[in-house]
$ cat my_file17.tsv   # TSV, C-alpha atoms and all ligand atoms
chain	number	residue	atom	x	y	z
A	1	MET	CA	-33.60	22.27	5.36
A	2	THR	CA	-31.38	22.01	2.32
A	3	THR	CA	-32.48	19.59	-0.38
A	4	VAL	CA	-30.47	16.69	-1.77
A	5	VAL	CA	-30.02	18.66	-5.00
A	6	GLU	CA	-28.55	21.61	-3.12
A	7	ARG	CA	-26.20	19.47	-1.11
A	8	VAL	CA	-25.04	17.50	-4.17
A	9	THR	CA	-24.51	20.78	-6.03
A	10	LYS	CA	-22.37	22.14	-3.23
A	11	VAL	CA	-20.16	19.05	-3.17
A	12	VAL	CA	-19.71	19.22	-6.95
A	13	VAL	CA	-18.91	22.94	-6.90
A	14	ASP	CA	-16.38	22.51	-4.09
A	15	ARG	CA	-14.70	19.47	-5.58
A	16	LEU	CA	-14.61	20.38	-9.27
A	17	GLY	CA	-14.33	24.14	-8.93
A	18	VAL	CA	-17.14	24.72	-11.44
A	19	ASP	CA	-19.79	27.46	-11.34
A	20	GLU	CA	-23.03	26.58	-9.59
A	21	SER	CA	-25.00	27.45	-12.74
A	22	GLU	CA	-23.23	24.67	-14.66
A	23	VAL	CA	-24.35	21.99	-12.21
A	24	LYS	CA	-27.58	21.00	-13.95
A	25	LEU	CA	-29.26	17.65	-13.39
A	26	GLU	CA	-28.41	16.46	-16.90
A	27	ALA	CA	-24.77	17.55	-16.63
A	28	SER	CA	-22.26	14.71	-16.99
A	29	PHE	CA	-19.39	14.90	-14.50
A	30	ARG	CA	-16.87	13.85	-17.11
A	31	ASP	CA	-18.21	15.39	-20.33
A	32	ASP	CA	-19.72	18.63	-19.05
A	33	LEU	CA	-18.00	19.37	-15.75
A	34	GLY	CA	-14.43	18.46	-16.66
A	35	ALA	CA	-13.98	15.66	-14.14
A	36	ASP	CA	-11.47	12.90	-14.80
A	37	SER	CA	-12.09	9.35	-13.63
A	38	LEU	CA	-10.29	9.93	-10.33
A	39	ASP	CA	-12.40	13.05	-9.70
A	40	VAL	CA	-15.55	10.96	-10.12
A	41	VAL	CA	-14.27	8.42	-7.59
A	42	GLU	CA	-13.61	11.27	-5.18
A	43	LEU	CA	-17.03	12.80	-5.75
A	44	VAL	CA	-18.65	9.50	-4.84
A	45	MET	CA	-16.49	9.37	-1.68
A	46	GLU	CA	-17.68	12.84	-0.77
A	47	PHE	CA	-21.32	11.95	-1.38
A	48	GLU	CA	-20.80	9.01	0.98
A	49	ASP	CA	-19.50	11.36	3.67
A	50	GLU	CA	-22.06	14.11	3.05
A	51	PHE	CA	-25.03	11.73	3.15
A	52	ASP	CA	-23.51	9.21	5.58
A	53	MET	CA	-24.07	6.23	3.31
A	54	GLU	CA	-22.05	3.60	1.52
A	55	ILE	CA	-22.12	3.48	-2.26
A	56	SER	CA	-20.94	0.16	-3.67
A	57	ASP	CA	-18.48	0.06	-6.57
A	58	GLU	CA	-21.21	-1.31	-8.86
A	59	ASP	CA	-23.63	1.46	-7.97
A	60	ALA	CA	-20.90	4.08	-8.23
A	61	GLU	CA	-20.20	3.05	-11.82
A	62	LYS	CA	-23.77	3.96	-12.75
A	63	ILE	CA	-23.47	7.50	-11.46
A	64	GLY	CA	-22.50	9.59	-14.47
A	65	THR	CA	-24.54	12.78	-14.16
A	66	VAL	CA	-25.61	15.10	-11.38
A	67	GLY	CA	-29.15	13.73	-11.76
A	68	ASP	CA	-27.90	10.14	-11.39
A	69	ALA	CA	-26.33	11.08	-8.08
A	70	VAL	CA	-29.45	12.87	-6.82
A	71	THR	CA	-31.76	10.04	-7.84
A	72	TYR	CA	-29.48	7.44	-6.27
A	73	ILE	CA	-29.13	9.30	-2.99
A	74	GLU	CA	-32.86	10.02	-2.74
A	75	SER	CA	-33.70	6.36	-3.40
A	76	LYS	CA	-31.33	5.28	-0.60
A	77	GLN	CA	-32.68	7.81	1.85
A	78	GLY	CA	-36.17	6.38	1.39
B	1	MET	CA	13.18	15.88	15.44
B	2	GLY	CA	12.46	12.83	13.32
B	3	LYS	CA	11.78	13.04	9.61
B	4	LEU	CA	8.34	11.50	10.07
B	5	ASN	CA	6.97	13.22	13.16
B	6	GLY	CA	3.19	13.12	13.32
B	7	LYS	CA	2.87	10.59	10.47
B	8	THR	CA	1.10	7.26	10.69
B	9	ALA	CA	2.60	4.24	8.96
B	10	ILE	CA	1.37	0.71	8.30
B	11	VAL	CA	4.01	-1.97	7.76
B	12	THR	CA	2.65	-5.32	6.59
B	13	GLY	CA	4.52	-8.40	7.78
B	14	ALA	CA	6.37	-6.48	10.48
B	15	SER	CA	6.66	-9.25	13.06
B	16	ARG	CA	10.00	-10.49	11.74
B	17	GLY	CA	12.91	-9.85	9.42
B	18	ILE	CA	12.96	-6.82	7.17
B	19	GLY	CA	9.45	-5.65	8.13
B	20	ALA	CA	10.30	-5.54	11.85
B	21	GLU	CA	13.37	-3.43	11.09
B	22	ILE	CA	11.35	-1.09	8.87
B	23	ALA	CA	8.78	-0.62	11.64
B	24	LYS	CA	11.49	0.30	14.16
B	25	TYR	CA	13.19	2.74	11.81
B	26	LEU	CA	9.90	4.46	10.98
B	27	ALA	CA	9.15	4.77	14.71
B	28	LYS	CA	12.64	6.17	15.38
B	29	GLU	CA	11.87	8.90	12.85
B	30	GLY	CA	8.76	9.78	14.82
B	31	ALA	CA	6.02	7.88	12.96
B	32	ARG	CA	3.26	6.00	14.77
B	33	VAL	CA	3.45	2.48	13.40
B	34	ILE	CA	0.98	-0.32	12.84
B	35	VAL	CA	2.95	-3.56	13.17
B	36	ASN	CA	0.94	-5.98	11.06
B	37	TYR	CA	1.45	-9.74	11.29
B	38	SER	CA	-0.23	-12.89	10.09
B	39	GLY	CA	0.48	-15.55	12.73
B	40	SER	CA	3.38	-14.40	14.92
B	41	GLN	CA	1.48	-12.41	17.53
B	42	SER	CA	4.13	-12.61	20.27
B	43	LYS	CA	6.87	-11.53	17.86
B	44	ALA	CA	4.78	-8.59	16.69
B	45	GLU	CA	4.16	-7.58	20.27
B	46	GLU	CA	7.90	-7.76	20.95
B	47	VAL	CA	8.48	-5.32	18.09
B	48	VAL	CA	5.88	-2.98	19.64
B	49	LYS	CA	7.60	-3.24	23.04
B	50	GLU	CA	10.99	-2.44	21.52
B	51	ILE	CA	9.49	0.63	19.86
B	52	GLU	CA	7.81	1.74	23.07
B	53	ALA	CA	11.09	1.22	24.93
B	54	PHE	CA	12.72	4.05	22.98
B	55	GLY	CA	9.65	6.26	23.34
B	56	GLY	CA	7.93	5.43	20.05
B	57	GLU	CA	4.29	4.61	19.41
B	58	ALA	CA	3.14	1.35	17.82
B	59	LEU	CA	0.31	-1.15	17.75
B	60	ALA	CA	0.29	-4.80	16.61
B	61	VAL	CA	-2.65	-5.70	14.36
B	62	GLN	CA	-3.33	-9.16	12.94
B	63	ALA	CA	-4.49	-9.34	9.32
B	64	SER	CA	-3.72	-11.51	6.34
B	65	VAL	CA	-2.89	-9.25	3.41
B	66	SER	CA	-4.32	-11.75	0.92
B	67	ASP	CA	-7.81	-11.48	2.40
B	68	ALA	CA	-9.87	-8.40	1.50
B	69	ASP	CA	-12.03	-8.37	4.66
B	70	SER	CA	-8.98	-8.77	6.82
B	71	VAL	CA	-7.30	-5.83	5.06
B	72	THR	CA	-10.41	-3.68	5.53
B	73	ALA	CA	-10.28	-4.45	9.26
B	74	LEU	CA	-6.57	-3.50	9.34
B	75	ILE	CA	-7.34	-0.11	7.81
B	76	SER	CA	-10.27	0.48	10.19
B	77	ALA	CA	-8.10	-0.36	13.18
B	78	THR	CA	-5.45	2.08	11.96
B	79	MET	CA	-7.96	4.90	11.49
B	80	GLU	CA	-9.52	4.20	14.86
B	81	HIS	CA	-6.21	4.34	16.72
B	82	PHE	CA	-4.22	6.89	14.83
B	83	GLY	CA	-6.76	8.82	12.69
B	84	SER	CA	-4.72	9.02	9.49
B	85	ILE	CA	-2.64	6.87	7.14
B	86	ASP	CA	0.35	8.65	5.66
B	87	ILE	CA	2.67	5.78	4.81
B	88	LEU	CA	2.00	2.22	3.66
B	89	VAL	CA	4.88	-0.23	3.41
B	90	ASN	CA	3.85	-3.40	1.59
B	91	ASN	CA	6.43	-5.77	2.96
B	92	ALA	CA	4.61	-9.05	3.78
B	93	GLY	CA	5.91	-11.85	1.62
B	94	ILE	CA	6.46	-15.58	1.48
B	95	THR	CA	8.43	-18.05	-0.65
B	96	ARG	CA	7.39	-21.49	-1.90
B	97	ASP	CA	10.34	-22.33	-4.13
B	98	ASN	CA	10.25	-25.05	-6.74
B	99	LEU	CA	11.20	-25.70	-10.34
B	100	ILE	CA	8.35	-24.91	-12.71
B	101	MET	CA	8.11	-28.57	-13.64
B	102	ARG	CA	7.58	-29.48	-9.99
B	103	MET	CA	5.63	-26.46	-8.85
B	104	LYS	CA	2.18	-27.23	-7.50
B	105	GLU	CA	-0.75	-24.99	-8.26
B	106	ASN	CA	-1.19	-24.14	-4.60
B	107	GLU	CA	2.47	-23.08	-4.34
B	108	TRP	CA	1.88	-20.71	-7.25
B	109	ASP	CA	-1.42	-19.41	-5.81
B	110	ASP	CA	-0.16	-18.89	-2.25
B	111	VAL	CA	2.77	-16.77	-3.36
B	112	ILE	CA	0.79	-14.72	-5.87
B	113	ASN	CA	-1.99	-14.15	-3.32
B	114	THR	CA	0.30	-12.93	-0.55
B	115	ASN	CA	3.05	-11.19	-2.51
B	116	LEU	CA	1.05	-9.61	-5.36
B	117	LYS	CA	-2.67	-9.59	-4.55
B	118	GLY	CA	-1.78	-8.54	-1.01
B	119	VAL	CA	-0.08	-5.41	-2.33
B	120	PHE	CA	-3.10	-4.61	-4.50
B	121	LEU	CA	-5.58	-5.07	-1.64
B	122	CYS	CA	-3.61	-2.95	0.84
B	123	THR	CA	-2.97	-0.25	-1.76
B	124	LYS	CA	-6.64	-0.09	-2.72
B	125	ALA	CA	-7.64	0.07	0.93
B	126	VAL	CA	-5.40	3.03	1.87
B	127	THR	CA	-6.02	5.00	-1.30
B	128	ARG	CA	-9.31	6.45	-0.13
B	129	GLN	CA	-7.76	7.99	2.97
B	130	MET	CA	-4.62	9.17	1.18
B	131	MET	CA	-6.69	10.78	-1.60
B	132	LYS	CA	-8.69	12.67	0.98
B	133	GLN	CA	-5.52	13.79	2.71
B	134	ARG	CA	-4.07	14.83	-0.65
B	135	ALA	CA	-0.86	13.22	0.54
B	136	GLY	CA	0.62	9.79	1.03
B	137	ARG	CA	3.56	7.49	0.47
B	138	ILE	CA	3.44	3.88	-0.60
B	139	VAL	CA	6.62	1.81	-0.56
B	140	ASN	CA	6.45	-1.70	-2.00
B	141	ILE	CA	9.08	-4.24	-1.09
B	142	ALA	CA	9.72	-6.14	-4.31
B	143	SER	CA	12.92	-8.12	-4.95
B	144	ILE	CA	15.90	-7.96	-7.25
B	145	VAL	CA	14.84	-11.32	-8.70
B	146	GLY	CA	11.70	-9.59	-9.95
B	147	VAL	CA	14.07	-7.69	-12.24
B	148	SER	CA	16.58	-10.43	-13.08
B	149	GLY	CA	14.57	-13.67	-12.86
B	150	ASN	CA	15.73	-16.62	-10.75
B	151	ALA	CA	15.59	-20.34	-11.41
B	152	GLY	CA	13.42	-22.15	-8.87
B	153	GLN	CA	11.31	-19.10	-7.99
B	154	ALA	CA	8.81	-18.73	-10.86
B	155	ASN	CA	5.93	-17.88	-8.54
B	156	TYR	CA	7.95	-15.45	-6.40
B	157	VAL	CA	9.60	-13.76	-9.39
B	158	ALA	CA	6.27	-13.38	-11.20
B	159	ALA	CA	4.76	-11.80	-8.09
B	160	LYS	CA	7.71	-9.43	-7.54
B	161	ALA	CA	7.85	-8.38	-11.21
B	162	GLY	CA	4.11	-7.81	-10.87
B	163	VAL	CA	4.70	-5.60	-7.85
B	164	ILE	CA	7.12	-3.45	-9.87
B	165	GLY	CA	4.50	-3.00	-12.62
B	166	LEU	CA	1.81	-2.31	-10.04
B	167	THR	CA	4.09	0.29	-8.44
B	168	LYS	CA	4.42	2.19	-11.73
B	169	THR	CA	0.69	2.09	-12.43
B	170	THR	CA	-0.28	3.16	-8.91
B	171	ALA	CA	2.26	5.97	-9.16
B	172	LYS	CA	0.67	7.22	-12.39
B	173	GLU	CA	-2.91	6.91	-11.11
B	174	LEU	CA	-2.28	8.73	-7.84
B	175	ALA	CA	0.37	11.28	-8.80
B	176	SER	CA	-2.20	14.06	-9.21
B	177	ARG	CA	-3.24	13.51	-5.58
B	178	ASN	CA	0.27	13.95	-4.24
B	179	ILE	CA	0.72	10.28	-3.44
B	180	ASN	CA	4.19	8.95	-4.29
B	181	VAL	CA	4.57	5.24	-4.92
B	182	ASN	CA	7.94	3.52	-5.20
B	183	ALA	CA	9.40	0.06	-4.87
B	184	ILE	CA	12.55	-1.27	-3.27
B	185	ALA	CA	14.22	-4.32	-4.76
B	186	PRO	CA	16.42	-5.89	-2.10
B	187	GLY	CA	19.10	-8.37	-3.10
B	188	PHE	CA	20.26	-10.97	-0.60
B	189	ILE	CA	19.41	-9.73	2.87
B	190	SER	CA	20.23	-11.85	5.91
B	191	THR	CA	16.89	-12.85	7.48
B	192	GLU	CA	15.13	-16.14	8.21
B	193	MET	CA	14.18	-16.21	4.54
B	194	THR	CA	17.86	-16.53	3.53
B	195	ALA	CA	19.27	-18.18	6.70
B	196	ASP	CA	18.28	-21.65	5.54
B	197	LEU	CA	20.31	-21.49	2.33
B	198	PRO	CA	23.23	-23.98	2.17
B	199	GLU	CA	26.72	-22.51	2.66
B	200	GLU	CA	27.83	-23.26	-0.89
B	201	VAL	CA	24.82	-21.44	-2.28
B	202	LYS	CA	25.67	-18.41	-0.13
B	203	ALA	CA	29.31	-18.53	-1.26
B	204	GLN	CA	28.16	-18.70	-4.88
B	205	MET	CA	25.82	-15.74	-4.30
B	206	LEU	CA	28.62	-13.62	-2.89
B	207	THR	CA	30.54	-13.93	-6.15
B	208	GLN	CA	27.59	-12.19	-7.85
B	209	ILE	CA	27.59	-9.21	-5.49
B	210	PRO	CA	30.08	-6.42	-6.31
B	211	LEU	CA	30.03	-5.21	-2.70
B	212	ALA	CA	30.82	-8.85	-1.73
B	213	LYS	CA	28.55	-9.15	1.31
B	214	LEU	CA	24.95	-9.83	2.21
B	215	GLY	CA	22.76	-6.88	3.11
B	216	ASN	CA	21.09	-6.32	6.48
B	217	PRO	CA	17.43	-5.52	7.14
B	218	GLU	CA	18.54	-2.02	8.18
B	219	ASP	CA	19.94	-1.39	4.69
B	220	VAL	CA	16.40	-1.85	3.40
B	221	ALA	CA	14.85	0.10	6.29
B	222	LYS	CA	17.03	3.14	5.55
B	223	ALA	CA	15.88	3.14	1.93
B	224	VAL	CA	12.26	2.97	3.14
B	225	ILE	CA	12.82	6.05	5.33
B	226	PHE	CA	14.16	7.91	2.30
B	227	LEU	CA	11.13	6.97	0.16
B	228	ALA	CA	8.66	7.69	2.98
B	229	SER	CA	10.07	11.12	3.84
B	230	ASP	CA	10.19	14.54	2.20
B	231	ASP	CA	13.72	13.73	1.01
B	232	SER	CA	12.16	11.93	-1.97
B	233	ASN	CA	9.40	14.40	-2.86
B	234	TYR	CA	10.25	14.40	-6.57
B	235	ILE	CA	10.58	10.61	-6.93
B	236	THR	CA	7.69	8.35	-7.91
B	237	GLY	CA	7.20	5.09	-9.82
B	238	GLN	CA	10.82	4.02	-9.30
B	239	THR	CA	12.38	0.79	-8.14
B	240	LEU	CA	15.40	1.34	-5.93
B	241	HIS	CA	17.86	-1.56	-5.92
B	242	VAL	CA	19.29	-2.29	-2.47
B	243	ASP	CA	21.43	-5.18	-3.56
B	244	GLY	CA	25.15	-4.40	-3.24
B	245	GLY	CA	25.27	-3.83	-6.98
B	246	MET	CA	24.03	-7.28	-8.05
B	247	VAL	CA	21.83	-5.98	-10.84
B	248	MET	CA	22.68	-2.77	-12.65
A	301	LIG	N1	15.32	-11.69	2.83
A	301	LIG	C1	15.69	-11.37	1.60
A	301	LIG	O1	16.83	-11.63	1.18
A	301	LIG	C2	14.74	-10.65	0.68
A	301	LIG	C3	15.20	-10.29	-0.58
A	301	LIG	C4	14.36	-9.60	-1.44
A	301	LIG	C5	13.07	-9.31	-1.05
A	301	LIG	N2	12.63	-9.68	0.18
A	301	LIG	C6	11.25	-9.33	0.52
A	301	LIG	O2	11.22	-8.61	1.72
A	301	LIG	C7	10.00	-8.86	2.40
A	301	LIG	C8	10.27	-9.32	3.83
A	301	LIG	O3	11.07	-10.49	3.78
A	301	LIG	P1	11.75	-11.14	5.07
A	301	LIG	O4	13.00	-11.77	4.59
A	301	LIG	O5	11.81	-10.17	6.15
A	301	LIG	O6	10.68	-12.31	5.37
A	301	LIG	P2	10.38	-13.08	6.75
A	301	LIG	O7	11.48	-12.90	7.72
A	301	LIG	O8	9.99	-14.45	6.33
A	301	LIG	O9	9.06	-12.30	7.29
A	301	LIG	C9	7.87	-12.30	6.55
A	301	LIG	C10	6.86	-11.43	7.22
A	301	LIG	O10	5.67	-11.43	6.40
A	301	LIG	C11	4.56	-11.75	7.22
A	301	LIG	N3	3.51	-12.41	6.44
A	301	LIG	C12	3.57	-13.55	5.71
A	301	LIG	N4	2.39	-13.80	5.13
A	301	LIG	C13	1.55	-12.80	5.51
A	301	LIG	C14	0.17	-12.49	5.25
A	301	LIG	N5	-0.59	-13.26	4.47
A	301	LIG	N6	-0.36	-11.39	5.82
A	301	LIG	C15	0.39	-10.58	6.61
A	301	LIG	N7	1.68	-10.82	6.89
A	301	LIG	C16	2.26	-11.92	6.35
A	301	LIG	C17	5.12	-12.62	8.30
A	301	LIG	O11	4.21	-12.59	9.41
A	301	LIG	P3	4.15	-13.80	10.48
A	301	LIG	O12	5.42	-13.72	11.25
A	301	LIG	O13	2.97	-13.49	11.31
A	301	LIG	O14	4.05	-15.05	9.67
A	301	LIG	C18	6.44	-11.93	8.59
A	301	LIG	O15	6.25	-10.83	9.44
A	301	LIG	C19	9.25	-9.87	1.57
A	301	LIG	O16	8.34	-9.23	0.72
A	301	LIG	C20	10.36	-10.52	0.76
A	301	LIG	O17	9.87	-11.06	-0.44
A	301	LIG	C21	13.45	-10.36	1.05
$ encode --input "my_file17.tsv" --output "structure tokens" --more "lines below"
Ligand SMILES: NC(=O)c1ccc[n+]([C@@H]2O[C@H](COP(=O)([O-])OP(=O)(O)OC[C@H]3O[C@@H](n4cnc5c(N)ncnc54)[C@H](OP(=O)(O)O)[C@@H]3O)[C@@H](O)[C@H]2O)c1
Amino acid sequence: MTTVVERVTKVVVDRLGVDESEVKLEASFRDDLGADSLDVVELVMEFEDEFDMEISDEDAEKIGTVGDAVTYIESKQG
Amino acid sequence: MGKLNGKTAIVTGASRGIGAEIAKYLAKEGARVIVNYSGSQSKAEEVVKEIEAFGGEALAVQASVSDADSVTALISATMEHFGSIDILVNNAGITRDNLIMRMKENEWDDVINTNLKGVFLCTKAVTRQMMKQRAGRIVNIASIVGVSGNAGQANYVAAKAGVIGLTKTTAKELASRNINVNAIAPGFISTEMTADLPEEVKAQMLTQIPLAKLGNPEDVAKAVIFLASDDSNYITGQTLHVDGGMVM
């Protein structure tokens, strides 16, 4: 069983080409991990696929850090 | 071998006129084509039959481009049947001509909603798939009057000029994902849209066209093939005039 954190980390590493050690919960996609705004949109799309859920545009705008993504996904998985 | 073998294309407003011709040309080049229409189901199905008759693949799908839910359904139907979206041709368009002083608010709104908002909604809807594919082509059918202006068509001209601006912005936003976005600005093309014009208006128009004749839907369709194929790999954000030299 892989955890949400592990799965989110893998998506981020694959998409942004960063080192796994950089993907900390407090890391901001844009400020710390070098993502541009289009990369963030794509990350959200990949989270949707990975976790088989829909993330609305409003919710997506609130996801700025790795931790935001993990918290959001965990809350939706209930 | 066609230039577009294995590609999937959506053509909005493909039941008649220029859109129908574009759909047939794309299919001749090997693309599987979604023939979108708003009301003319039997005409759209005729286009599909013509395509199937020469061995092409096509499907008619009803959707109004000005309605977001309807556009979402169009994209879902495309993915379900063909599994990818490589080419979007935003062609659906209407006219509600009037002088500004006489133009009713609903005439303004209808044209902006179909001709400009429709392009935005369809573009937004295909972007997700094209970004994932890391490839895509969007061709927007604008109009030469969107460049030059035209008395009696404030709503239409505003929408078409808007489409040209939208084309440039979409091109810039999506360039890093290998999605090329261009517009075509047709001049006077003989279709139902221009058939109703009085003879003296047509004669007057011809004096403005260096090549001294109206264009045909296939003149536009051939330009679409160019912008949808690998022949235009290094071209994005441009507006190609297909107008017999009217506006230079
Ligand atoms: N003809 C010209 O000289 C000329 C010049 C410059 C630019 N253009 C542009 O070229 C494009 C095609 O023009 P055309 O002359 O071929 O027009 P047309 O013969 O009147 O055909 C218009 C097409 O758009 C479809 N349509 C209308 N509203 C729609 C909606 N809300 N959702 C989906 N489809 C819709 C129609 O479908 P239904 O049949 O189901 O109603 C039809 O297939 C337009 O964007 C037009 O502005 C034309």
$ residues_near_ligand --input "my_file17.tsv" --ligand "ligand LIG 301 (chain A)" --cutoff "6 Å" --atoms "all atoms listed in the file" --output "ChimeraX atom specification"
/B:12-19,37-40,63-66,91-94,114,141-143,186-194
$ interface_residues --input "my_file17.tsv" --of "chain B" --to "chain A" --cutoff "12 Å" --atoms "only C-alpha atoms" --output "ChimeraX atom specification"
/B:127-134,172-177
$ residues_near_point --input "my_file17.tsv" --point "(-12.2, 26.7, -14.3)" --cutoff "10 Å" --atoms "all atoms listed in the file" --output "PyMOL selection string"
chain A and resi 16-19+33-34
$ residues_around --input "my_file17.tsv" --residues "Met53 in chain A" --least-positions-apart "3" --cutoff "12 Å" --atoms "all atoms listed in the file" --output "list in words"
Val44, Met45, Glu46, Phe47, Glu48, Asp49, Glu50, Ser56, Tyr72, Ile73, Glu74, Ser75, Lys76 and Gln77 of chain A
$ atom_distance --input "my_file17.tsv" --atom1 "CA of Trp108 in chain B" --atom2 "CA of Gly162 in chain B"
13.6 Å
$ residues_around --input "my_file17.tsv" --residues "range 230-242 of chain B" --least-positions-apart "4" --cutoff "6 Å" --atoms "all atoms listed in the file" --output "VMD selection string"
chain B and resid 167 to 168 171 180 to 186 226
$ atom_distance --input "my_file17.tsv" --atom1 "CA of Glu52 in chain B" --atom2 "CA of Ile225 in chain B"
18.9 Å
$ residues_around --input "my_file17.tsv" --residues "Ala20 in chain B" --least-positions-apart "4" --cutoff "12 Å" --atoms "all atoms listed in the file" --output "ChimeraX atom specification"
/B:10-16,24-27,33-37,40,43-51,58,60,89,91-92,191,217-218,220-221
$ write_last_selection --input "my_file17.tsv" --atoms "C-alpha atoms" --output "mmCIF file, in the frame of the given file"
data_model
loop_
_atom_site.group_PDB
_atom_site.id
_atom_site.type_symbol
_atom_site.label_atom_id
_atom_site.label_comp_id
_atom_site.auth_asym_id
_atom_site.auth_seq_id
_atom_site.Cartn_x
_atom_site.Cartn_y
_atom_site.Cartn_z
ATOM 1 C CA ILE B 10 1.370 0.710 8.300
ATOM 2 C CA VAL B 11 4.010 -1.970 7.760
ATOM 3 C CA THR B 12 2.650 -5.320 6.590
ATOM 4 C CA GLY B 13 4.520 -8.400 7.780
ATOM 5 C CA ALA B 14 6.370 -6.480 10.480
ATOM 6 C CA SER B 15 6.660 -9.250 13.060
ATOM 7 C CA ARG B 16 10.000 -10.490 11.740
ATOM 8 C CA LYS B 24 11.490 0.300 14.160
ATOM 9 C CA TYR B 25 13.190 2.740 11.810
ATOM 10 C CA LEU B 26 9.900 4.460 10.980
ATOM 11 C CA ALA B 27 9.150 4.770 14.710
ATOM 12 C CA VAL B 33 3.450 2.480 13.400
ATOM 13 C CA ILE B 34 0.980 -0.320 12.840
ATOM 14 C CA VAL B 35 2.950 -3.560 13.170
ATOM 15 C CA ASN B 36 0.940 -5.980 11.060
ATOM 16 C CA TYR B 37 1.450 -9.740 11.290
ATOM 17 C CA SER B 40 3.380 -14.400 14.920
ATOM 18 C CA LYS B 43 6.870 -11.530 17.860
ATOM 19 C CA ALA B 44 4.780 -8.590 16.690
ATOM 20 C CA GLU B 45 4.160 -7.580 20.270
ATOM 21 C CA GLU B 46 7.900 -7.760 20.950
ATOM 22 C CA VAL B 47 8.480 -5.320 18.090
ATOM 23 C CA VAL B 48 5.880 -2.980 19.640
ATOM 24 C CA LYS B 49 7.600 -3.240 23.040
ATOM 25 C CA GLU B 50 10.990 -2.440 21.520
ATOM 26 C CA ILE B 51 9.490 0.630 19.860
ATOM 27 C CA ALA B 58 3.140 1.350 17.820
ATOM 28 C CA ALA B 60 0.290 -4.800 16.610
ATOM 29 C CA VAL B 89 4.880 -0.230 3.410
ATOM 30 C CA ASN B 91 6.430 -5.770 2.960
ATOM 31 C CA ALA B 92 4.610 -9.050 3.780
ATOM 32 C CA THR B 191 16.890 -12.850 7.480
ATOM 33 C CA PRO B 217 17.430 -5.520 7.140
ATOM 34 C CA GLU B 218 18.540 -2.020 8.180
ATOM 35 C CA VAL B 220 16.400 -1.850 3.400
ATOM 36 C CA ALA B 221 14.850 0.100 6.290
#
$ atom_distance --input "my_file17.tsv" --atom1 "CA of Ser70 in chain B" --atom2 "CA of Lys117 in chain B"
13.0 Å
$ closest_residue --input "my_file17.tsv" --among "B:Gln41, B:Thr78, B:Thr169, B:Asn5" --to "Ala228 in chain B" --atoms "only C-alpha atoms"
B:Asn5
$ axis_aligned_box --input "my_file17.tsv" --around "range 28-39 of chain A" --padding-each-side "6 Å" --output "lines of an AutoDock Vina configuration file"
center_x = -16.3
center_y = 14.4
center_z = -15.0
size_x = 24.0
size_y = 22.0
size_z = 22.6
$ residues_around --input "my_file17.tsv" --residues "Gly149 in chain B" --least-positions-apart "5" --cutoff "10 Å" --atoms "only C-alpha atoms" --output "PyMOL selection string"
chain B and resi 143-144+154+156-158+160-161
$ residues_around --input "my_file17.tsv" --residues "Thr65 in chain A" --least-positions-apart "4" --cutoff "12 Å" --atoms "only C-alpha atoms" --output "list in words"
Val8, Thr9, Val12, Glu22, Val23, Lys24, Leu25, Glu26, Ala27, Ser28, Phe29, Arg30, Asp31, Asp32, Leu33, Gly34, Ala35, Val40, Leu43, Val44, Ala60, Glu61, Ala69, Val70, Thr71 and Tyr72 of chain A
$ closest_residue --input "my_file17.tsv" --among "B:Gln204, B:Ala68, B:Ile100, B:Val163" --to "Lys124 in chain B" --atoms "all atoms listed in the file"
B:Ala68
$ decode --input "my_file17.tsv" --residues "range 19-27 of chain A" --atoms "N, CA and C atoms" --output "JSON list (two decimals), in the first residue's frame"
[["chain", "number", "residue", "atom", "x", "y", "z"],
["A", 19, "ASP", "N", 14.25, 16.32, -7.83],
["A", 19, "ASP", "CA", 14.70, 15.20, -7.01],
["A", 19, "ASP", "C", 13.68, 14.92, -5.92],
["A", 20, "GLU", "N", 13.51, 13.63, -5.61],
["A", 20, "GLU", "CA", 12.51, 13.26, -4.62],
["A", 20, "GLU", "C", 12.73, 13.99, -3.29],
["A", 21, "SER", "N", 13.98, 14.24, -2.94],
["A", 21, "SER", "CA", 14.28, 14.88, -1.65],
["A", 21, "SER", "C", 13.77, 16.32, -1.58],
["A", 22, "GLU", "N", 13.57, 16.93, -2.74],
["A", 22, "GLU", "CA", 13.07, 18.32, -2.75],
["A", 22, "GLU", "C", 11.56, 18.39, -2.52],
["A", 23, "VAL", "N", 10.87, 17.27, -2.72],
["A", 23, "VAL", "CA", 9.41, 17.28, -2.65],
["A", 23, "VAL", "C", 8.96, 17.15, -1.20],
["A", 24, "LYS", "N", 9.13, 18.25, -0.46],
["A", 24, "LYS", "CA", 8.68, 18.28, 0.94],
["A", 24, "LYS", "C", 7.26, 18.82, 1.00],
["A", 25, "LEU", "N", 6.57, 18.53, 2.10],
["A", 25, "LEU", "CA", 5.17, 18.97, 2.20],
["A", 25, "LEU", "C", 5.04, 20.48, 2.06],
["A", 26, "GLU", "N", 6.00, 21.23, 2.61],
["A", 26, "GLU", "CA", 5.87, 22.69, 2.57],
["A", 26, "GLU", "C", 6.37, 23.30, 1.25],
["A", 27, "ALA", "N", 6.87, 22.44, 0.36],
["A", 27, "ALA", "CA", 7.42, 22.97, -0.89],
["A", 27, "ALA", "C", 6.33, 23.52, -1.80]]
